[in-house]
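As stored in my_file_15.csv (CSV, C-alpha atoms):
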```csv
chain,number,residue,atom,x,y,z
W,12,MET,CA,-2.5,-12.6,12.3
W,13,ASP,CA,-0.6,-15.5,13.6
W,14,ARG,CA,3.1,-14.7,13.3
W,15,LYS,CA,4.1,-18.2,14.6
W,16,GLU,CA,3.5,-19.7,11.1
W,17,ASN,CA,6.9,-18.6,9.9
W,18,ARG,CA,9.7,-18.0,12.3
W,19,THR,CA,12.5,-17.2,9.8
W,20,PRO,CA,13.7,-13.6,9.9
W,21,GLN,CA,12.4,-13.0,6.4
W,22,GLY,CA,9.0,-14.4,7.4
W,23,ASP,CA,8.7,-12.2,10.4
W,24,ILE,CA,9.6,-9.1,8.2
W,25,THR,CA,7.1,-9.9,5.5
W,26,LEU,CA,4.2,-10.7,8.0
W,27,ILE,CA,4.8,-7.4,9.8
W,28,LEU,CA,5.0,-5.6,6.5
W,29,VAL,CA,1.8,-7.1,5.1
W,30,GLU,CA,-0.1,-6.4,8.3
W,31,PHE,CA,1.1,-2.8,8.1
W,32,LEU,CA,0.2,-2.3,4.5
W,33,GLU,CA,-3.4,-3.5,5.2
W,34,VAL,CA,-3.8,-0.9,7.9
W,35,ALA,CA,-2.0,1.9,5.9
W,36,ILE,CA,-4.1,1.3,2.7
W,37,THR,CA,-7.3,1.4,4.7
W,38,SER,CA,-6.2,4.7,6.3
W,39,ILE,CA,-5.5,6.1,2.8
W,40,VAL,CA,-8.9,5.2,1.5
W,41,CYS,CA,-10.5,6.7,4.7
W,42,LEU,CA,-8.3,9.9,4.3
W,43,LYS,CA,-9.4,10.5,0.7
W,44,GLY,CA,-13.1,10.5,1.7
W,45,VAL,CA,-14.3,8.1,-1.0
W,46,TYR,CA,-16.8,6.7,1.4
W,47,PRO,CA,-19.0,8.4,4.1
W,48,ASN,CA,-17.4,8.8,7.5
W,49,GLY,CA,-19.6,6.1,9.0
W,50,ALA,CA,-17.9,3.5,6.6
W,51,PHE,CA,-14.9,3.3,9.0
W,52,GLU,CA,-14.4,2.7,12.7
W,53,ARG,CA,-11.5,3.9,14.8
W,54,ARG,CA,-9.0,1.3,16.0
W,55,ARG,CA,-5.6,1.4,17.6
W,56,TYR,CA,-2.6,-0.2,15.9
W,57,LEU,CA,1.0,0.2,17.0
W,58,ASN,CA,-0.3,2.6,19.5
W,59,VAL,CA,-1.7,4.9,16.8
W,60,VAL,CA,-5.4,5.6,16.1
W,61,VAL,CA,-6.2,4.2,12.7
W,62,HIS,CA,-9.3,3.2,10.8
W,63,LYS,CA,-10.9,-0.1,9.8
W,64,ALA,CA,-13.6,-0.6,7.2
W,65,ARG,CA,-17.0,-1.4,8.6
W,66,HIS,CA,-18.4,-2.9,5.3
W,67,PRO,CA,-17.4,-6.6,5.0
W,68,GLN,CA,-16.8,-6.4,1.3
W,69,LEU,CA,-14.5,-3.4,1.5
W,70,ASN,CA,-12.6,-4.9,4.4
W,71,GLU,CA,-12.3,-8.2,2.6
W,72,TYR,CA,-11.1,-6.5,-0.6
W,73,ILE,CA,-8.2,-4.7,1.1
W,74,HIS,CA,-7.4,-7.8,3.3
W,75,SER,CA,-7.3,-10.3,0.5
W,76,ALA,CA,-5.5,-8.1,-2.0
W,77,VAL,CA,-2.7,-7.2,0.5
W,78,ASN,CA,-2.4,-10.7,2.1
W,79,GLY,CA,-2.4,-12.2,-1.4
W,80,LEU,CA,0.9,-10.5,-2.0
W,81,LEU,CA,2.6,-12.2,0.9
W,82,PRO,CA,4.2,-15.1,-1.0
W,83,PHE,CA,5.5,-12.8,-3.7
W,84,ILE,CA,7.0,-10.3,-1.2
W,85,GLN,CA,8.6,-13.3,0.5
W,86,LYS,CA,10.2,-14.2,-2.9
W,87,GLY,CA,11.3,-10.6,-3.5
W,88,LEU,CA,9.1,-10.2,-6.5
W,89,VAL,CA,7.1,-7.2,-5.4
W,90,GLU,CA,8.6,-3.8,-6.1
W,91,ARG,CA,5.7,-1.4,-5.4
W,92,VAL,CA,2.2,-1.5,-4.1
W,93,ALA,CA,0.0,1.4,-5.1
W,94,VAL,CA,-3.5,2.8,-4.2
W,95,ILE,CA,-4.7,4.4,-7.4
W,96,PHE,CA,-7.6,6.9,-7.6
W,97,TYR,CA,-9.3,7.4,-11.0
W,98,GLY,CA,-11.6,10.0,-12.5
W,99,SER,CA,-14.7,9.4,-14.6
W,100,ASP,CA,-12.5,8.9,-17.7
W,101,ASP,CA,-10.6,6.1,-16.0
W,102,ILE,CA,-7.4,8.0,-16.0
W,103,PRO,CA,-5.4,8.1,-12.7
W,104,ILE,CA,-5.8,11.3,-10.7
W,105,GLU,CA,-3.5,10.3,-7.9
W,106,ARG,CA,-1.4,7.4,-6.7
W,107,PHE,CA,-0.2,6.5,-3.2
W,108,VAL,CA,2.9,4.3,-3.8
W,109,PHE,CA,4.7,2.1,-1.3
W,110,LYS,CA,8.1,1.1,-2.6
W,111,LEU,CA,9.4,-2.0,-0.9
W,112,LYS,CA,12.9,-3.3,-0.5
W,113,VAL,CA,13.2,-6.5,1.7
W,114,ASN,CA,16.6,-8.0,2.3
W,115,LEU,CA,15.9,-11.7,1.8
W,116,SER,CA,19.4,-12.7,2.9
W,117,TYR,CA,19.1,-11.0,6.3
W,118,GLY,CA,20.1,-13.7,8.7
W,119,THR,CA,19.7,-12.0,12.1
W,120,THR,CA,16.6,-12.2,14.2
W,121,VAL,CA,14.4,-9.2,13.5
W,122,GLU,CA,13.8,-6.8,16.4
W,123,GLN,CA,10.1,-6.6,16.0
W,124,ALA,CA,9.7,-3.5,18.3
W,125,ASP,CA,12.2,-1.5,16.3
W,126,LEU,CA,10.7,-2.4,13.0
W,127,GLU,CA,7.1,-1.6,14.2
W,128,PHE,CA,8.3,1.7,15.7
W,129,SER,CA,9.6,2.7,12.2
W,130,LEU,CA,6.4,1.7,10.5
W,131,ARG,CA,4.4,3.5,13.1
W,132,SER,CA,5.9,6.8,11.9
W,133,PHE,CA,4.3,6.2,8.5
W,134,LEU,CA,0.8,6.0,10.1
W,135,ILE,CA,1.5,9.2,12.0
W,136,LYS,CA,2.6,11.0,8.9
W,137,LEU,CA,-0.4,10.0,6.7
W,138,PRO,CA,-3.1,12.2,8.2
W,139,VAL,CA,-0.9,15.3,8.1
W,140,SER,CA,-0.1,14.7,4.4
W,141,GLU,CA,-3.7,15.4,3.3
W,142,PRO,CA,-2.9,19.0,2.2
W,143,LEU,CA,-0.4,17.5,-0.3
W,144,THR,CA,-3.2,15.4,-1.9
W,145,LYS,CA,-5.7,16.2,-4.6
W,146,VAL,CA,-9.4,16.7,-4.1
W,147,LEU,CA,-11.2,13.8,-5.8
W,148,PRO,CA,-14.4,14.1,-7.9
W,149,HIS,CA,-17.6,12.5,-6.5
W,150,ASN,CA,-17.6,9.8,-9.2
W,151,CYS,CA,-14.1,8.5,-8.7
W,152,ARG,CA,-13.1,4.9,-8.1
W,153,TRP,CA,-9.9,3.3,-6.7
W,154,GLU,CA,-8.0,0.1,-6.7
W,155,ILE,CA,-4.9,-1.6,-5.3
W,156,THR,CA,-2.3,-2.4,-7.9
W,157,SER,CA,1.1,-4.1,-7.4
W,158,TYR,CA,4.1,-3.8,-9.6
W,159,PHE,CA,6.3,-7.0,-9.8
W,160,ARG,CA,10.0,-7.1,-10.6
W,161,SER,CA,9.2,-10.2,-12.6
W,162,LEU,CA,5.9,-12.0,-13.2
W,163,PRO,CA,5.2,-15.1,-11.2
W,164,GLU,CA,4.3,-18.2,-13.1
W,165,ALA,CA,0.5,-18.8,-12.8
W,166,SER,CA,1.0,-22.5,-13.2
W,167,THR,CA,3.3,-22.8,-10.2
W,168,THR,CA,1.1,-21.3,-7.5
W,169,LYS,CA,-2.6,-20.6,-7.0
W,170,ASP,CA,-1.7,-17.2,-5.5
W,171,ALA,CA,-0.5,-16.0,-8.9
W,172,ALA,CA,-3.9,-16.6,-10.4
W,173,MET,CA,-5.3,-13.8,-8.1
W,174,TRP,CA,-3.3,-11.1,-9.9
W,175,ILE,CA,-4.1,-10.2,-13.5
W,176,PRO,CA,-2.4,-7.7,-15.8
W,177,THR,CA,-3.9,-4.2,-15.4
W,178,ASP,CA,-5.5,-2.3,-18.2
W,179,THR,CA,-5.0,1.0,-16.4
W,180,VAL,CA,-4.5,4.0,-18.7
W,181,GLN,CA,-0.9,5.2,-18.0
W,182,TRP,CA,0.3,8.8,-17.9
W,183,GLN,CA,2.3,9.7,-21.0
W,184,GLN,CA,4.6,12.1,-19.1
W,185,PRO,CA,6.7,11.3,-16.0
W,186,PRO,CA,4.6,12.1,-12.9
W,187,ILE,CA,5.1,14.7,-10.2
W,188,ILE,CA,6.4,12.9,-7.1
W,189,VAL,CA,5.7,14.1,-3.6
W,190,PRO,CA,7.6,12.3,-0.9
W,191,ILE,CA,5.6,11.5,2.3
W,192,LYS,CA,7.8,9.2,4.4
W,193,SER,CA,10.7,6.8,4.0
W,194,MET,CA,12.8,4.4,6.1
W,195,SER,CA,16.1,2.8,5.0
W,196,SER,CA,17.4,0.1,7.3
W,197,GLU,CA,18.1,-3.6,7.5
W,198,PRO,CA,16.2,-5.7,6.8
W,199,LEU,CA,13.4,-3.4,5.4
W,200,GLY,CA,13.5,-0.3,3.2
W,201,LEU,CA,10.2,1.4,2.6
W,202,GLN,CA,9.2,4.6,0.8
W,203,LEU,CA,5.7,6.2,0.7
W,204,TYR,CA,5.1,8.9,-1.9
W,205,LEU,CA,2.4,10.5,-4.0
W,206,GLU,CA,2.3,10.6,-7.8
W,207,HIS,CA,0.4,13.2,-9.6
W,208,PRO,CA,0.1,13.8,-13.4
W,209,SER,CA,2.5,16.4,-14.7
W,210,LEU,CA,1.2,19.8,-15.7
W,211,ARG,CA,1.7,19.0,-19.3
W,212,GLU,CA,-0.4,15.8,-18.8
W,213,GLN,CA,-3.2,17.7,-17.2
W,214,LYS,CA,-3.4,20.1,-20.2
W,215,ASN,CA,-3.8,17.2,-22.7
```

Could you write out this file's structure as structure tokens?
Amino acid sequence: MDRKENRTPQGDITLILVEFLEVAITSIVCLKGVYPNGAFERRRYLNVVVHKARHPQLNEYIHSAVNGLLPFIQKGLVERVAVIFYGSDDIPIERFVFKLKVNLSYGTTVEQADLEFSLRSFLIKLPVSEPLTKVLPHNCRWEITSYFRSLPEASTTKDAAMWIPTDTVQWQQPPIIVPIKSMSSEPLGLQLYLEHPSLREQKN
């Protein structure tokens, strides 16, 4: 990724964030064992061993979905990015949620090393969070979903046309939230947590 395209502090923040999200989402999909072990290869990112999808279509789906969010993150429109795993009934079993807070008015040059050091801790935390997650059925599926603070106008940008309203079946009860990692600093605040259906939801 060429970070020279946008030299503003906000641009540097969002480019680093999007690059991180692509790596983190790939790591989540690998962690959940949706695909055989051979579907991923080990790479190093921010001096942490991570995974990259070998299959071109899987790699392209994650890359295009996350990078397609860049213009909306730069406008402050994206509140959350989630990796959602579904059962055979198309009801969510588990959500990995990244909650974003980017300070668009931050006017100081971003210390890239400090920001990347903070993001690195998320990648270290992910593998050890596996005991907190649910075992998925063999016939599960997954997708990347973004939650916007306000909807972009499809007529104003071609990027908006990539995102369509989801028809995901929602839980009727508030979910059980399991925190994994968070950081709160200028210019970026980030939370990663799990959402599971409530016990009442599971009995329905």

Practice task
Tell me, as number ranges by chain, which residues lie within 9 Å of W:Thr37, counting only C-alpha atoms; anything in the same chain fewer than 3 positions away does not count.
Solution key: W: 32-34, 40-42, 51, 61-64, 70, 73

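Nearest residue to W:Leu88 among W:Tyr56, W:Tyr72, W:Tyr46, W:Phe159 is W:Phe159, counting all atoms listed in the file.
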
Fill in the blank from the handout: atom CA of W:Pro47 to atom CA of W:Tyr158 measures 29.5 Å

Practice task
Considering only C-alpha atoms, state which residue in the set W:Val92, W:Phe128, W:Thr144, W:Asn114 is at the smallest distance from W:Leu80.
Solution key: W:Val92

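When only C-alpha atoms are used to measure the gap to W:Ile27, the shortest distance among W:Glu52, W:Glu206, W:Glu122, W:Glu105 belongs to W:Glu122.
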
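When all atoms listed in the file are used to compute distances to W:Glu30, the closest of the residues W:Ser195, W:Gln184, W:Asn78, W:Ser209 turns out to be W:Asn78.
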
Using all atoms listed in the file, which protein or nucleic acid residues come within 10 Å of W:Glu197? Drop anything in the same chain fewer than 5 positions from it, and give the result as a PDB file with C-alpha atoms, in the coordinates of the input.
```pdb
ATOM      1  CA  LYS W 112      12.900  -3.300  -0.500  1.00  0.00           C
ATOM      2  CA  VAL W 113      13.200  -6.500   1.700  1.00  0.00           C
ATOM      3  CA  ASN W 114      16.600  -8.000   2.300  1.00  0.00           C
ATOM      4  CA  TYR W 117      19.100 -11.000   6.300  1.00  0.00           C
ATOM      5  CA  THR W 119      19.700 -12.000  12.100  1.00  0.00           C
ATOM      6  CA  VAL W 121      14.400  -9.200  13.500  1.00  0.00           C
ATOM      7  CA  LEU W 126      10.700  -2.400  13.000  1.00  0.00           C
TER       8      LEU W 126
END
```

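Considering the residues W:Pro82, W:Pro138, W:Pro185, W:Pro148 and counting only C-alpha atoms, W:Ser38 has its shortest atom-to-atom contact with W:Pro138.
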
Exercise for the section: Record the distance separating atom CA of W:Ala50 and atom CA of W:Arg65, expressed in Å with one decimal. Expected result: 5.4 Å

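Going from atom CA of W:Asp100 over to atom CA of W:Ile187, you cover 20.0 Å.
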
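You can rank W:Leu57, W:Leu115, W:Leu81, W:Leu134 by their closest distance to W:Val29 using only C-alpha atoms, and at the top of that list sits W:Leu81.
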
Exercise for the section: Give me the residues within 7 Å of W:Tyr97 as a list of chain:residue names, counting all atoms listed in the file and dropping any in the same chain fewer than 4 places off. Expected result: W:Asp101, W:Ile102, W:Pro103, W:Ile104, W:Cys151, W:Arg152, W:Trp153
